[in-house]
There are 2 protein chains.
Amino acid sequence: MKDVAQLAGVSVKTVSRVVNGEPGASAVVRERVLRAAERLDYRHNLGASTLRRKDARSGIVGALLQDVGNSFSAGLLRALEDTLRPSGLSVLAASLDEEPERERDIVSDLVARRADGLVLMPASHRHEYLLSERRAGLPLVFVDRRPHGVDCDSVTIDNHLGADLATAHLIAGGHRRIAMLSDLHEIETAQERIAGYRAALDKAHLRFDPELLVHSVRSEDEAARVIAGLLGTADPPTAFVTGRNIITIGAVRALRAADVSRTVALVGFDDFPLADLIEPALTVIRQDVRRIGTEVGRILLDRLAGDSSPPQHVVLEPTLVRRGSGEIPPPA
Amino acid sequence: MKDVAQLAGVSVKTVSRVVNGEPGASAVVRERVLRAAERLDYRHNLGASTLRRKDARSGIVGALLQDVGNSFSAGLLRALEDTLRPSGLSVLAASLDEEPERERDIVSDLVARRADGLVLMPASHRHEYLLSERRAGLPLVFVDRRPHGVDCDSVTIDNHLGADLATAHLIAGGHRRIAMLSDLHEIETAQERIAGYRAALDKAHLRFDPELLVHSVRSEDEAARVIAGLLGTADPPTAFVTGRNIITIGAVRALRAADVSRTVALVGFDDFPLADLIEPALTVIRQDVRRIGTEVGRILLDRLAGDSSPPQHVVLEPTLVRRGSGEIPPPA
DNA sequence: TGTTCTTACGTCAACGTTGACGTAAGAAGG
DNA sequence: CCTTCTTACGTCAACGTTGACGTAAGAACA
C-alpha cells in the first residue's frame with residue numbers, strides 16, 4: 001500500500017480510501033491510484049484490514065460436519081454456502097468423522113481465526129467447552145444434533161418421528177417381525193431413531209425383541225453381515241428399518257446377496273441420489289437437506305445481523321417416501 | 001494479550017512466548033500465564049499473528065470446485081482435506097457452478113485472504129488473470145481441467161482415453177449405432193470426451209453420425225428428453241455413452257421410461273455410489289476421485305515446502321468398470 | 001576472583017490497514 | 001468582502017502479535 005501510495009503520489013490513507021470505495025478521493029486521484037495498484041500487483045490484505053477495523057468481521061464461517069464427502073454433509077454444505085455467500089461469507093469446511101478430539105481442535109482453530117460463526121454437527125456429546133465462545137458472542141448453530149451443555153441455536157429433524165413413520169409403515173403393511181439396524185449408539189440421533197422404532201412397536205402392541213435391534217453398526221459391510229446373520233436365524237425378520245444411509249446400502253447388498261430383496265421389506269433412513277432407481281426402489285425417510293442448510297444459514301445471518309433473541313430449536317419433519325421396498329408384504 | 005500479561009504480572013512478549021510454546025519462559029511463569037489466559041478467556045489471534053510473522057502462512061487453502069454438493073466435487077474436497085489437514089492447512093471450499101465470474105470473485109477474495117494455495121476446477125476458459133498471482137508465488141493446482149494461459153500444476157484424467165474406452169467397449173460388444181450425450185460444449189473436458197468417442201468410432205471405421213452426438217446437455221431432465229427423442233427416431237441408437245454423472249442418471253431414467261433399459265446398452269462417465277445396485281448395474285468409466293484429490297494435495301504440499309520445479313501435469317487413467325449395462329448386446 | 005556464558009525475561013518497533021482528526025483550498029452564502 | 005461549509009486530501013496512532021535486540025542475575029569456568 002505504501003508503494004502504491006508513493007507511485008501514485010498520494011498518502012496511504014488515500015489509497016485505502018480508493019481501495020475501499022470510500023468517498024473523499026477525486027476521480028483523477030482514484031484513477032491514478034488504481035493504475036498504480038495495477039502496476040504493482042497490489043492486493044488488499046484482508047487480514048490486516050479486519051485487524052484494524054472495529055467491527056472486525058473475518059467473513060469466515062466454519063462448518064464442522066460429519067464427512068464432507070458424504071451426500072448428507074455435502075448437500076448441507078452446499079445449501080449453507082448458497083445462503084451465506086450473498087452476504088459475503090465464505091465457508092471453511094471440515095470433516096469430523098465422529099472424532100470429538102478433531103472437533104475441539106478445529107473449533108479452536110476457527111476461533112483463533114476469528115470465524116464469524118460456527119455450524120456444528122458435533123462428534124462430541126457434551127458441549128460445555130463452547131460456553132466461553134458463546135459468552136464471547138460467537139454465533140453457534142448446531143445441525144442434525146442437539147447441543148448439550150451450551151445454549152445455542154439448532155436445526156434438527158424429528159428422528160423419533162422418522163423412525164416411527166418407517167416402522168409404523170411396515171406394521172401397517174402387515175409386518176410383525178421388524179429388525180432395526182442403527183448407527184453408533186453414542187450418537188443421540190441414533191438413540192432417538194431407536195426410540196421411534198420402539199414407540200411404533202409399542203403403539204401396535206408388538207413385543208420388542210432385543211434380537212432384532214442391532215446398534216453401533218458402523219459400515220456398509222458390517223450392516224451386510226448383520227443382516228445376513230439375522231436372515232439366517234430360525235425366525236428371521238420380514239422387514240428392516242435401517243438407521244442411516246450407509247447401513248441402508250449395506251442392507252440392499254445383503255438382501256440382494258440372499259436373493260430376498262423382493263420378499264423382505266426395507267425402509268431406510270436418509271434419502272440419497274438414485275434411491276429411486278435401484279430395484280426394488282427404496283422406500284426411505286427423507287430429510288430435506290437443502291431446507292436444513294438454508295435454515296441454518298438463515299439463523300446464522302440473523303444472529304450476525306444482531307438478533308439476540310433466545311436460541312431457536314428448529315425441528316423439521318422428515319417424510320416417508322414410498323417407492324417399493326417398504327411396501328413389500330410379509331410372507332403369507 | 002495485554003490483559004493476560006498484566007494479570008500474570010509479565011510482559012506481553014512473555015505471554016506470546018508461552019502461547020507459542022517458545023523457550024525462554026520458566027515453568028512457574030508459564031503456569032501463571034496459562035492460568036491468566038484461562039481466566040480471561042484469552043484466544044490467540046491468528047490474523048494478527050500471521051500479519052506480524054515473516055513467513056506469514058495463513059493456513060488456508062482455497063478449493064474452487066464445480067459444486068461441493070455433487071459427489072465428484074465432494075469426494076475431491078474430502079480427499080484434499082485429508083491430505084492437507086495433517087500439515088495444518090484448512091480448506092475453504094466454494095462452488096462455481098460453471099460461472100466464470102464467480103470464479104474471479106472467489107479467487108480475488110482468497111488472494112485478499114492470503115490463502116497459501118489454490119485448488120481450481122475452473123469455470124473459465126482462459127486463465128491469464130492468474131498470471132500475477134503465480135508470479136507472486138501463489139501455489140496453484142488445477143484439477144479435472146487444464147490451465148490455459150497460465151503455467152501451473154494440474155491433475156486431470158485422460159478424458160479422451162475414457163470416452164474411447166467406453167465407446168470401444170460398446171463397439172467390441174457389437175454395437176454400430178452408438179450415441180453420445182455430452183456436457184456443456186465450452187468445457188474442455190467435454191470436448192475431449194467427444195474426441196475420444198469419435199476416435200473410437202474412427203478406429204473401428206464406423207461412420208460418425210452427427211445426429212448421434214448431442215452436446216451441451218445440462219441436466220438430468222434434458223438428458224432424459226434427448227434420449228427419448230433419439231429412441232423415437234427411425235434408426236435409433238442401440239447404445240449410449242453419457243459424458244457425465246447427471247447425464248447418466250437422466251439416461252437411466254429415460255431408458256427405464258421407454259422400457260428398454262435391458263435392451264439398450266449404456267456406459268456412463270463417472271462412477272457414483274449405488275451405480276452397482278441399479279438394474280442393470282451400470283457400466284461406467286471410473287475416475288479415482290480419492291487419488292485425484294490426494295495427488296492435488298501432495299503437489300500443493302510440495303510447492304509449499306519450496307518445490308519450484310517446472311509445473312507438473314499429472315494425468316490419471318480412468319478405468320472401465322463392467323457391471324452389466326454396457327454389456328448388453330445390440331438386437332440381432 | 002573475575003570473566004564468560006546461559007537463562008529468563010523485558011522493550012520497542014513493525015506487520016498492513018483504517019479510524020479519528022487535522023488542514024488547506026475552493027465554494028457557497030451573507 | 002468575510003465567514004462558514006464542503007471537499008479532498010494528509011498525519012498519526014492503533015488493531016494484536018512477534019522479531020530483533022537489550023539486560024540482569026545466576027551458573028560455569030579458569
# chains A, B, ... in the order shown; residues from 1 in each chain; ligands from 1
>>> select_by_dssp(residues="segment 61-295 of chain A", states="helix (DSSP H, G or I)", output="ChimeraX atom specification")
/A:71-87,100-112,128-135,159-172,188-203,210-212,220-231,245-257,289-295
>>> interface_residues(of="chain B", to="chain D", cutoff="6 Å", atoms="only C-alpha atoms (C1' of nucleotides)", output="PyMOL selection string")
chain B and resi 48-49+52
>>> residues_around(residues="Arg30 of chain A", least_positions_apart="3", cutoff="9 Å", atoms="only C-alpha atoms (C1' of nucleotides)", output="PDB file with C-alpha atoms, in the first residue's frame")
ATOM      1  CA  THR A  14      -5.920   7.872   0.197  1.00  0.00           C
ATOM      2  CA  VAL A  15      -5.025   4.507  -1.248  1.00  0.00           C
ATOM      3  CA  ARG A  17      -9.990   5.161   0.569  1.00  0.00           C
ATOM      4  CA  VAL A  18      -9.799   4.219  -3.062  1.00  0.00           C
ATOM      5  CA  VAL A  19      -9.420   0.530  -2.327  1.00  0.00           C
ATOM      6  CA  ALA A  25     -10.985  10.835  -3.360  1.00  0.00           C
ATOM      7  CA  SER A  26     -11.307  12.762  -6.611  1.00  0.00           C
ATOM      8  CA  ALA A  27     -11.804  10.873  -9.828  1.00  0.00           C
ATOM      9  CA  VAL A  33      -4.193   5.021  -7.517  1.00  0.00           C
ATOM     10  CA  LEU A  34      -5.924   2.201  -9.335  1.00  0.00           C
ATOM     11  CA  ARG A  35      -3.354   2.302 -12.088  1.00  0.00           C
TER      12      ARG A  35
END
>>> interface_residues(of="chain C", to="chain B", cutoff="12 Å", atoms="only C-alpha atoms (C1' of nucleotides)", output="PyMOL selection string")
chain C and resi 6-17
>>> closest_residue(among="A:Leu161, A:Ala5, A:Leu300, A:Ala94", to="chain B", atoms="only C-alpha atoms")
A:Ala94
>>> closest_residue(among="B:Leu282, B:Val264, B:Ala257, B:Val241", to="Ala166 of chain B", atoms="only C-alpha atoms")
B:Val241
>>> closest_residue(among="B:Gly117, B:Gly250, B:Pro139, B:Pro210", to="chain A", atoms="only C-alpha atoms")
B:Gly250
>>> select_by_dssp(residues="segment 87-148 of chain A", states="strand (DSSP E)", output="count of residues only")
14
>>> interface_residues(of="chain B", to="chain A", cutoff="7 Å", atoms="only C-alpha atoms", output="list in words")
Asp41, Arg43, His44, Asn45, Leu46, Gly47, Ala48, Leu51, Val68, Gly69, Ser71, Ala74, Gly75, Leu77, Arg78, Val91, Leu92, Ala93, Ala112, Arg113, Ser132, Leu277, Ile278 and Glu279 of chain B
>>> atom_distance(atom1="atom CA of Arg176 of chain B", atom2="atom CA of Ala195 of chain B")
17.3 Å
>>> residues_around(residues="Asp235 of chain B", least_positions_apart="2", cutoff="12 Å", atoms="only C-alpha atoms (C1' of nucleotides)", output="ChimeraX atom specification")
/B:176-179,209,211-212,229-233,237-238
>>> decode(residues="segment 73-121 of chain A", atoms="C-alpha atoms", output="mmCIF file, in the first residue's frame")
data_model
loop_
_atom_site.group_PDB
_atom_site.id
_atom_site.type_symbol
_atom_site.label_atom_id
_atom_site.label_comp_id
_atom_site.auth_asym_id
_atom_site.auth_seq_id
_atom_site.Cartn_x
_atom_site.Cartn_y
_atom_site.Cartn_z
ATOM 1 C CA SER A 73 -22.897 -33.349 4.709
ATOM 2 C CA ALA A 74 -22.082 -32.298 1.165
ATOM 3 C CA GLY A 75 -25.640 -31.251 0.442
ATOM 4 C CA LEU A 76 -25.760 -29.349 3.683
ATOM 5 C CA LEU A 77 -22.501 -27.607 2.907
ATOM 6 C CA ARG A 78 -23.767 -26.590 -0.470
ATOM 7 C CA ALA A 79 -27.016 -25.172 0.862
ATOM 8 C CA LEU A 80 -25.094 -23.330 3.529
ATOM 9 C CA GLU A 81 -22.718 -21.865 1.010
ATOM 10 C CA ASP A 82 -25.578 -20.649 -1.137
ATOM 11 C CA THR A 83 -27.240 -18.983 1.807
ATOM 12 C CA LEU A 84 -24.132 -17.338 3.201
ATOM 13 C CA ARG A 85 -22.151 -16.227 0.176
ATOM 14 C CA PRO A 86 -24.547 -13.471 -0.855
ATOM 15 C CA SER A 87 -23.718 -11.865 2.474
ATOM 16 C CA GLY A 88 -20.029 -12.072 1.758
ATOM 17 C CA LEU A 89 -19.328 -15.034 3.976
ATOM 18 C CA SER A 90 -17.065 -17.896 2.984
ATOM 19 C CA VAL A 91 -17.391 -21.363 4.410
ATOM 20 C CA LEU A 92 -14.480 -23.224 5.851
ATOM 21 C CA ALA A 93 -15.499 -26.850 5.885
ATOM 22 C CA ALA A 94 -14.084 -29.688 7.919
ATOM 23 C CA SER A 95 -14.926 -33.349 8.473
ATOM 24 C CA LEU A 96 -15.073 -34.704 11.989
ATOM 25 C CA ASP A 97 -15.555 -38.412 11.350
ATOM 26 C CA GLU A 98 -17.197 -38.725 14.758
ATOM 27 C CA GLU A 99 -13.943 -37.846 16.484
ATOM 28 C CA PRO A 100 -14.523 -35.446 19.376
ATOM 29 C CA GLU A 101 -10.867 -34.539 19.531
ATOM 30 C CA ARG A 102 -10.883 -33.313 15.969
ATOM 31 C CA GLU A 103 -13.912 -31.253 16.774
ATOM 32 C CA ARG A 104 -12.110 -29.478 19.581
ATOM 33 C CA ASP A 105 -9.018 -28.872 17.503
ATOM 34 C CA ILE A 106 -10.911 -27.446 14.600
ATOM 35 C CA VAL A 107 -13.139 -25.300 16.769
ATOM 36 C CA SER A 108 -10.140 -23.783 18.463
ATOM 37 C CA ASP A 109 -8.512 -23.186 15.102
ATOM 38 C CA LEU A 110 -11.618 -21.423 13.862
ATOM 39 C CA VAL A 111 -11.856 -19.365 17.000
ATOM 40 C CA ALA A 112 -8.247 -18.315 16.558
ATOM 41 C CA ARG A 113 -9.115 -17.340 13.017
ATOM 42 C CA ARG A 114 -11.916 -15.224 14.389
ATOM 43 C CA ALA A 115 -14.592 -17.013 12.409
ATOM 44 C CA ASP A 116 -17.811 -15.014 12.386
ATOM 45 C CA GLY A 117 -19.847 -18.076 13.208
ATOM 46 C CA LEU A 118 -19.762 -21.830 13.565
ATOM 47 C CA VAL A 119 -22.017 -24.515 12.201
ATOM 48 C CA LEU A 120 -21.573 -27.702 14.101
ATOM 49 C CA MET A 121 -22.665 -31.260 13.529
#
